[in-house]
file entry31.pdb (PDB, C-alpha atoms and all ligand atoms)
MODEL        1
ATOM      1  CA  MET L   1      22.061 -54.274 173.384  1.00  0.00           C
ATOM      2  CA  VAL L   2      25.860 -54.193 172.909  1.00  0.00           C
ATOM      3  CA  ALA L   3      28.676 -51.627 172.860  1.00  0.00           C
ATOM      4  CA  ILE L   4      30.783 -51.566 169.693  1.00  0.00           C
ATOM      5  CA  LYS L   5      34.316 -50.218 169.847  1.00  0.00           C
ATOM      6  CA  LYS L   6      35.703 -49.450 166.411  1.00  0.00           C
ATOM      7  CA  LEU L   7      39.368 -50.356 166.096  1.00  0.00           C
ATOM      8  CA  ASN L   8      41.740 -47.941 164.442  1.00  0.00           C
ATOM      9  CA  ILE L   9      43.211 -50.605 162.137  1.00  0.00           C
ATOM     10  CA  ASP L  10      44.137 -49.383 158.664  1.00  0.00           C
ATOM     11  CA  PRO L  11      42.463 -51.712 156.107  1.00  0.00           C
ATOM     12  CA  LYS L  12      45.183 -50.830 153.568  1.00  0.00           C
ATOM     13  CA  LYS L  13      47.836 -52.087 155.959  1.00  0.00           C
ATOM     14  CA  TYR L  14      45.693 -55.032 157.089  1.00  0.00           C
ATOM     15  CA  PRO L  15      43.334 -55.942 154.210  1.00  0.00           C
ATOM     16  CA  LYS L  16      42.813 -59.276 155.944  1.00  0.00           C
ATOM     17  CA  LEU L  17      43.399 -60.157 159.572  1.00  0.00           C
ATOM     18  CA  GLU L  18      45.569 -63.145 160.178  1.00  0.00           C
ATOM     19  CA  LEU L  19      43.882 -65.126 162.931  1.00  0.00           C
ATOM     20  CA  SER L  20      47.076 -66.297 164.564  1.00  0.00           C
ATOM     21  CA  ARG L  21      47.053 -68.912 167.312  1.00  0.00           C
ATOM     22  CA  LYS L  22      47.946 -66.198 169.814  1.00  0.00           C
ATOM     23  CA  LEU L  23      45.002 -64.012 168.751  1.00  0.00           C
ATOM     24  CA  LEU L  24      42.574 -66.942 168.834  1.00  0.00           C
ATOM     25  CA  MET L  25      43.805 -67.791 172.349  1.00  0.00           C
ATOM     26  CA  GLN L  26      43.163 -64.199 173.415  1.00  0.00           C
ATOM     27  CA  PHE L  27      39.606 -64.393 172.031  1.00  0.00           C
ATOM     28  CA  LYS L  28      39.059 -67.569 174.030  1.00  0.00           C
ATOM     29  CA  ILE L  29      40.400 -65.983 177.225  1.00  0.00           C
ATOM     30  CA  MET L  30      38.046 -63.016 176.711  1.00  0.00           C
ATOM     31  CA  LYS L  31      35.083 -65.283 176.018  1.00  0.00           C
ATOM     32  CA  ASP L  32      35.693 -67.282 179.194  1.00  0.00           C
ATOM     33  CA  LEU L  33      36.135 -64.264 181.502  1.00  0.00           C
ATOM     34  CA  GLN L  34      33.097 -63.602 183.660  1.00  0.00           C
ATOM     35  CA  HIS L  35      32.776 -61.332 186.650  1.00  0.00           C
ATOM     36  CA  ASP L  36      30.195 -58.904 188.012  1.00  0.00           C
ATOM     37  CA  HIS L  37      32.593 -55.975 187.627  1.00  0.00           C
ATOM     38  CA  ILE L  38      34.001 -56.454 184.138  1.00  0.00           C
ATOM     39  CA  THR L  39      32.019 -56.147 180.897  1.00  0.00           C
ATOM     40  CA  ARG L  40      31.266 -59.380 179.056  1.00  0.00           C
ATOM     41  CA  PHE L  41      33.004 -59.904 175.740  1.00  0.00           C
ATOM     42  CA  ALA L  42      30.413 -60.555 173.043  1.00  0.00           C
ATOM     43  CA  GLY L  43      32.678 -60.902 170.003  1.00  0.00           C
ATOM     44  CA  ALA L  44      34.685 -59.049 167.405  1.00  0.00           C
ATOM     45  CA  CYS L  45      34.438 -58.241 163.729  1.00  0.00           C
ATOM     46  CA  VAL L  46      37.647 -59.280 161.981  1.00  0.00           C
ATOM     47  CA  ASP L  47      36.419 -58.464 158.467  1.00  0.00           C
ATOM     48  CA  SER L  48      38.018 -55.497 156.750  1.00  0.00           C
ATOM     49  CA  PRO L  49      37.253 -52.571 157.010  1.00  0.00           C
ATOM     50  CA  ASN L  50      34.883 -53.001 159.995  1.00  0.00           C
ATOM     51  CA  TYR L  51      37.371 -54.096 162.616  1.00  0.00           C
ATOM     52  CA  CYS L  52      35.674 -53.737 165.997  1.00  0.00           C
ATOM     53  CA  ILE L  53      35.169 -55.282 169.431  1.00  0.00           C
ATOM     54  CA  VAL L  54      31.676 -55.978 170.757  1.00  0.00           C
ATOM     55  CA  THR L  55      30.982 -55.989 174.508  1.00  0.00           C
ATOM     56  CA  GLU L  56      28.116 -55.843 176.962  1.00  0.00           C
ATOM     57  CA  TYR L  57      26.448 -52.411 176.920  1.00  0.00           C
ATOM     58  CA  CYS L  58      26.125 -50.379 180.123  1.00  0.00           C
ATOM     59  CA  PRO L  59      23.411 -47.723 179.689  1.00  0.00           C
ATOM     60  CA  LYS L  60      24.568 -45.171 182.279  1.00  0.00           C
ATOM     61  CA  GLY L  61      27.757 -44.446 180.288  1.00  0.00           C
ATOM     62  CA  SER L  62      31.290 -44.180 181.605  1.00  0.00           C
ATOM     63  CA  LEU L  63      32.492 -43.018 185.011  1.00  0.00           C
ATOM     64  CA  ASP L  64      34.045 -40.105 183.151  1.00  0.00           C
ATOM     65  CA  ASP L  65      30.616 -39.151 181.751  1.00  0.00           C
ATOM     66  CA  ILE L  66      29.056 -39.425 185.228  1.00  0.00           C
ATOM     67  CA  LEU L  67      31.771 -37.464 187.071  1.00  0.00           C
ATOM     68  CA  ASN L  68      31.602 -34.701 184.478  1.00  0.00           C
ATOM     69  CA  ASN L  69      27.813 -34.513 184.498  1.00  0.00           C
ATOM     70  CA  ASP L  70      26.767 -31.721 186.869  1.00  0.00           C
ATOM     71  CA  THR L  71      23.190 -32.979 186.942  1.00  0.00           C
ATOM     72  CA  ILE L  72      24.243 -36.279 188.553  1.00  0.00           C
ATOM     73  CA  LYS L  73      25.005 -35.919 192.250  1.00  0.00           C
ATOM     74  CA  LEU L  74      26.628 -38.960 193.830  1.00  0.00           C
ATOM     75  CA  ASP L  75      26.221 -39.406 197.565  1.00  0.00           C
ATOM     76  CA  LYS L  76      28.953 -40.935 199.729  1.00  0.00           C
ATOM     77  CA  MET L  77      27.404 -44.413 199.639  1.00  0.00           C
ATOM     78  CA  MET L  78      27.224 -44.385 195.858  1.00  0.00           C
ATOM     79  CA  LYS L  79      30.846 -43.219 195.554  1.00  0.00           C
ATOM     80  CA  TYR L  80      32.063 -45.991 197.838  1.00  0.00           C
ATOM     81  CA  SER L  81      29.944 -48.474 195.952  1.00  0.00           C
ATOM     82  CA  LEU L  82      31.466 -47.458 192.588  1.00  0.00           C
ATOM     83  CA  LEU L  83      34.971 -47.526 194.084  1.00  0.00           C
ATOM     84  CA  HIS L  84      34.323 -50.940 195.582  1.00  0.00           C
ATOM     85  CA  ASP L  85      33.156 -52.285 192.181  1.00  0.00           C
ATOM     86  CA  LEU L  86      36.250 -50.873 190.497  1.00  0.00           C
ATOM     87  CA  VAL L  87      38.603 -52.504 193.016  1.00  0.00           C
ATOM     88  CA  LYS L  88      36.780 -55.839 192.701  1.00  0.00           C
ATOM     89  CA  GLY L  89      36.913 -55.724 188.901  1.00  0.00           C
ATOM     90  CA  MET L  90      40.614 -54.848 188.838  1.00  0.00           C
ATOM     91  CA  TYR L  91      41.449 -57.469 191.479  1.00  0.00           C
ATOM     92  CA  PHE L  92      39.720 -60.063 189.323  1.00  0.00           C
ATOM     93  CA  LEU L  93      41.534 -58.922 186.152  1.00  0.00           C
ATOM     94  CA  HIS L  94      44.937 -58.939 187.880  1.00  0.00           C
ATOM     95  CA  ASN L  95      44.347 -62.521 188.978  1.00  0.00           C
ATOM     96  CA  SER L  96      43.084 -63.640 185.578  1.00  0.00           C
ATOM     97  CA  GLU L  97      45.047 -64.488 182.439  1.00  0.00           C
ATOM     98  CA  ILE L  98      44.714 -60.837 181.396  1.00  0.00           C
ATOM     99  CA  ARG L  99      47.097 -59.879 184.273  1.00  0.00           C
ATOM    100  CA  SER L 100      46.921 -56.109 183.739  1.00  0.00           C
ATOM    101  CA  HIS L 101      44.519 -53.620 182.195  1.00  0.00           C
ATOM    102  CA  GLY L 102      47.068 -51.336 180.520  1.00  0.00           C
ATOM    103  CA  LYS L 103      44.750 -48.371 179.969  1.00  0.00           C
ATOM    104  CA  LEU L 104      42.652 -47.993 183.062  1.00  0.00           C
ATOM    105  CA  LYS L 105      40.938 -44.621 183.124  1.00  0.00           C
ATOM    106  CA  THR L 106      37.513 -43.254 183.959  1.00  0.00           C
ATOM    107  CA  SER L 107      36.301 -43.578 180.344  1.00  0.00           C
ATOM    108  CA  ASN L 108      37.063 -47.304 180.546  1.00  0.00           C
ATOM    109  CA  CYS L 109      34.812 -47.834 183.577  1.00  0.00           C
ATOM    110  CA  VAL L 110      31.161 -48.127 182.553  1.00  0.00           C
ATOM    111  CA  VAL L 111      28.049 -48.171 184.706  1.00  0.00           C
ATOM    112  CA  ASP L 112      24.993 -50.372 184.194  1.00  0.00           C
ATOM    113  CA  SER L 113      21.330 -49.611 184.825  1.00  0.00           C
ATOM    114  CA  ARG L 114      21.629 -50.649 188.513  1.00  0.00           C
ATOM    115  CA  PHE L 115      24.624 -48.309 188.977  1.00  0.00           C
ATOM    116  CA  VAL L 116      27.055 -51.239 189.083  1.00  0.00           C
ATOM    117  CA  LEU L 117      30.486 -50.253 187.750  1.00  0.00           C
ATOM    118  CA  LYS L 118      32.233 -52.564 185.283  1.00  0.00           C
ATOM    119  CA  VAL L 119      35.781 -52.283 183.968  1.00  0.00           C
ATOM    120  CA  THR L 120      35.930 -52.405 180.160  1.00  0.00           C
ATOM    121  CA  ASP L 121      38.363 -52.189 177.206  1.00  0.00           C
ATOM    122  CA  PHE L 122      40.971 -54.673 178.461  1.00  0.00           C
ATOM    123  CA  GLY L 123      42.809 -57.580 176.843  1.00  0.00           C
ATOM    124  CA  LEU L 124      43.182 -58.487 173.152  1.00  0.00           C
ATOM    125  CA  ALA L 125      46.703 -57.035 173.006  1.00  0.00           C
ATOM    126  CA  GLU L 126      47.351 -58.771 169.641  1.00  0.00           C
ATOM    127  CA  LEU L 127      44.443 -56.907 168.075  1.00  0.00           C
ATOM    128  CA  HIS L 128      45.275 -53.536 169.637  1.00  0.00           C
ATOM    129  CA  ALA L 129      48.894 -53.894 168.461  1.00  0.00           C
ATOM    130  CA  MET L 130      47.611 -53.547 164.875  1.00  0.00           C
ATOM    131  CA  GLU L 131      45.947 -50.223 165.647  1.00  0.00           C
ATOM    132  CA  ASP L 132      47.307 -47.061 164.135  1.00  0.00           C
ATOM    133  CA  THR L 133      48.530 -44.763 166.870  1.00  0.00           C
ATOM    134  CA  THR L 134      50.624 -42.383 164.774  1.00  0.00           C
ATOM    135  CA  GLU L 135      47.992 -40.375 162.900  1.00  0.00           C
ATOM    136  CA  ASP L 136      46.929 -38.329 165.919  1.00  0.00           C
ATOM    137  CA  VAL L 137      50.441 -37.251 166.936  1.00  0.00           C
ATOM    138  CA  ASP L 138      50.713 -33.488 167.371  1.00  0.00           C
ATOM    139  CA  THR L 139      46.982 -33.086 167.852  1.00  0.00           C
ATOM    140  CA  HIS L 140      45.325 -31.988 171.067  1.00  0.00           C
ATOM    141  CA  SER L 141      43.457 -35.301 171.424  1.00  0.00           C
ATOM    142  CA  PHE L 142      46.706 -37.263 171.133  1.00  0.00           C
ATOM    143  CA  TYR L 143      48.272 -35.454 174.093  1.00  0.00           C
ATOM    144  CA  ARG L 144      45.016 -35.529 176.034  1.00  0.00           C
ATOM    145  CA  SER L 145      44.824 -39.298 175.645  1.00  0.00           C
ATOM    146  CA  MET L 146      48.464 -39.638 176.717  1.00  0.00           C
ATOM    147  CA  PHE L 147      47.768 -37.811 179.943  1.00  0.00           C
ATOM    148  CA  ASP L 148      44.544 -39.739 180.511  1.00  0.00           C
ATOM    149  CA  PHE L 149      46.569 -42.886 180.084  1.00  0.00           C
ATOM    150  CA  ASN L 150      49.461 -42.047 182.369  1.00  0.00           C
ATOM    151  CA  LEU L 151      48.146 -39.956 185.190  1.00  0.00           C
ATOM    152  CA  PRO L 152      45.837 -41.119 187.928  1.00  0.00           C
ATOM    153  CA  LYS L 153      42.664 -39.066 188.057  1.00  0.00           C
ATOM    154  CA  LEU L 154      42.306 -36.901 191.089  1.00  0.00           C
ATOM    155  CA  TYR L 155      38.752 -36.197 192.100  1.00  0.00           C
ATOM    156  CA  ARG L 156      37.419 -34.523 195.208  1.00  0.00           C
ATOM    157  CA  TRP L 157      35.109 -37.233 196.542  1.00  0.00           C
TER     158      TRP L 157
HETATM  159  N1  LIG V 201      26.761 -45.904 177.511  1.00  0.00           N
HETATM  160  C1  LIG V 201      27.862 -46.612 177.276  1.00  0.00           C
HETATM  161  N2  LIG V 201      28.914 -45.966 176.798  1.00  0.00           N
HETATM  162  C2  LIG V 201      30.017 -46.677 176.582  1.00  0.00           C
HETATM  163  C3  LIG V 201      30.105 -48.067 176.832  1.00  0.00           C
HETATM  164  N3  LIG V 201      31.356 -48.476 176.501  1.00  0.00           N
HETATM  165  C4  LIG V 201      31.985 -47.372 176.071  1.00  0.00           C
HETATM  166  N4  LIG V 201      31.178 -46.284 176.126  1.00  0.00           N
HETATM  167  C5  LIG V 201      31.466 -44.887 175.749  1.00  0.00           C
HETATM  168  O1  LIG V 201      32.611 -44.876 174.957  1.00  0.00           O
HETATM  169  C6  LIG V 201      33.597 -44.066 175.565  1.00  0.00           C
HETATM  170  C7  LIG V 201      34.951 -44.708 175.435  1.00  0.00           C
HETATM  171  O2  LIG V 201      35.179 -44.946 174.093  1.00  0.00           O
HETATM  172  P1  LIG V 201      36.552 -45.492 173.592  1.00  0.00           P
HETATM  173  O3  LIG V 201      36.494 -45.599 172.116  1.00  0.00           O
HETATM  174  O4  LIG V 201      36.934 -46.737 174.349  1.00  0.00           O
HETATM  175  O5  LIG V 201      37.527 -44.308 173.909  1.00  0.00           O
HETATM  176  P2  LIG V 201      38.501 -44.017 175.087  1.00  0.00           P
HETATM  177  O6  LIG V 201      38.262 -44.910 176.271  1.00  0.00           O
HETATM  178  O7  LIG V 201      38.428 -42.552 175.360  1.00  0.00           O
HETATM  179  O8  LIG V 201      39.876 -44.300 174.411  1.00  0.00           O
HETATM  180  P3  LIG V 201      40.743 -45.642 174.376  1.00  0.00           P
HETATM  181  O9  LIG V 201      40.263 -46.578 175.443  1.00  0.00           O
HETATM  182  O10 LIG V 201      42.122 -45.154 174.617  1.00  0.00           O
HETATM  183  O11 LIG V 201      40.532 -46.177 173.003  1.00  0.00           O
HETATM  184  C8  LIG V 201      33.247 -43.957 177.022  1.00  0.00           C
HETATM  185  O12 LIG V 201      33.685 -42.742 177.563  1.00  0.00           O
HETATM  186  C9  LIG V 201      31.738 -44.073 177.006  1.00  0.00           C
HETATM  187  O13 LIG V 201      31.188 -42.792 176.855  1.00  0.00           O
HETATM  188  C10 LIG V 201      28.965 -48.729 177.351  1.00  0.00           C
HETATM  189  O14 LIG V 201      28.918 -49.932 177.616  1.00  0.00           O
HETATM  190  N5  LIG V 201      27.884 -47.941 177.538  1.00  0.00           N
ENDMDL
END
call {"tool": "encode", "arguments": {"input": "entry31.pdb", "output": "structure tokens", "more": "lines below"}}
Ligand SMILES: Nc1nc2c(ncn2[C@@H]2O[C@H](COP(=O)(O)OP(=O)(O)OP(=O)(O)O)[C@@H](O)[C@H]2O)c(=O)[nH]1
result
Amino acid sequence: MVAIKKLNIDPKKYPKLELSRKLLMQFKIMKDLQHDHITRFAGACVDSPNYCIVTEYCPKGSLDDILNNDTIKLDKMMKYSLLHDLVKGMYFLHNSEIRSHGKLKTSNCVVDSRFVLKVTDFGLAELHAMEDTTEDVDTHSFYRSMFDFNLPKLYRW
């Protein structure tokens, strides 16, 4: 099973994706990255209009889903375990060719069936640069995503 992230790339603007050397290098970097606390890159669809990124699927959903689910009670051990996984994943990313995540937030931390946390949605800057970010301006979701992006989450652990 895989997770598919649809890219917000306008097919009218990009009827065909140019697979530049830089983009191909970024695909290679993603393919070669392996760590217990980052999701595995499975591939991407570069055919218009189905631009998307395919990664390993983590069935428990995101950390955001878990923290906002009142039916899931995390004990202290589990919280420290998730935090530990997050730090390990980010440490690995910072020391890899990716260097920085860029949009670390609870919805970009996913949890597998054994409750292991994995950082996801990193890298492929060339591809994300083609995404349309203007259409949501002035909407509630646009501002919500801005705050999600910029502010650290504060949770009472
Ligand atoms: N169950 C499960 N859900 C996932 C997985 N990967 C992503 N998701 C879900 O997809 C959501 C994130 O979707 P995105 O399209 O990346 O949206 P976002 O993180 O809010 O926004 P951006 O990262 O800014 O694009 C998460 O909150 C999860 O609910 C996965 O491996 N398993």
call {"tool": "axis_aligned_box", "arguments": {"input": "entry31.pdb", "around": "ligand LIG 201 (chain V)", "padding_each_side": "5 Å", "output": "JSON"}}
result
{"center_x": 34.4, "center_y": -46.2, "center_z": 174.9, "size_x": 25.4, "size_y": 17.4, "size_z": 15.5}
call {"tool": "atom_distance", "arguments": {"input": "entry31.pdb", "atom1": "atom O4 of ligand LIG 201 (chain V)", "atom2": "CA of Ala3 in chain L"}}
result
9.7 Å
call {"tool": "closest_residue", "arguments": {"input": "entry31.pdb", "among": "L:Leu117, L:Val110, L:Leu127, L:Met78", "to": "ligand LIG 201 (chain V)", "atoms": "only C-alpha atoms and all ligand atoms"}}
result
L:Val110
call {"tool": "resolve_selection", "arguments": {"input": "entry31.pdb", "expression": "the PyMOL selection byres (((chain L and resi 53-70) around 7) and not hetatm)", "output": "list in words"}}
result
Met1, Val2, Ala3, Ile4, Lys5, Lys6, Thr39, Arg40, Phe41, Ala42, Gly43, Ala44, Cys45, Cys52, Thr71, Ile72, Thr106, Ser107, Asn108, Cys109, Val110, Val111, Asp112 and Ser113 of chain L
call {"tool": "atom_distance", "arguments": {"input": "entry31.pdb", "atom1": "atom O2 of ligand LIG 201 (chain V)", "atom2": "CA of Thr120 in chain L"}}
result
9.6 Å
call {"tool": "closest_residue", "arguments": {"input": "entry31.pdb", "among": "L:Lys28, L:His128, L:Lys118, L:Lys16", "to": "Leu86 in chain L", "atoms": "only C-alpha atoms"}}
result
L:Lys118
call {"tool": "residues_around", "arguments": {"input": "entry31.pdb", "residues": "Glu18 in chain L", "least_positions_apart": "3", "cutoff": "12 Å", "atoms": "only C-alpha atoms", "output": "ChimeraX atom specification"}}
result
/L:14-15,21-24,46-48,126-127,130
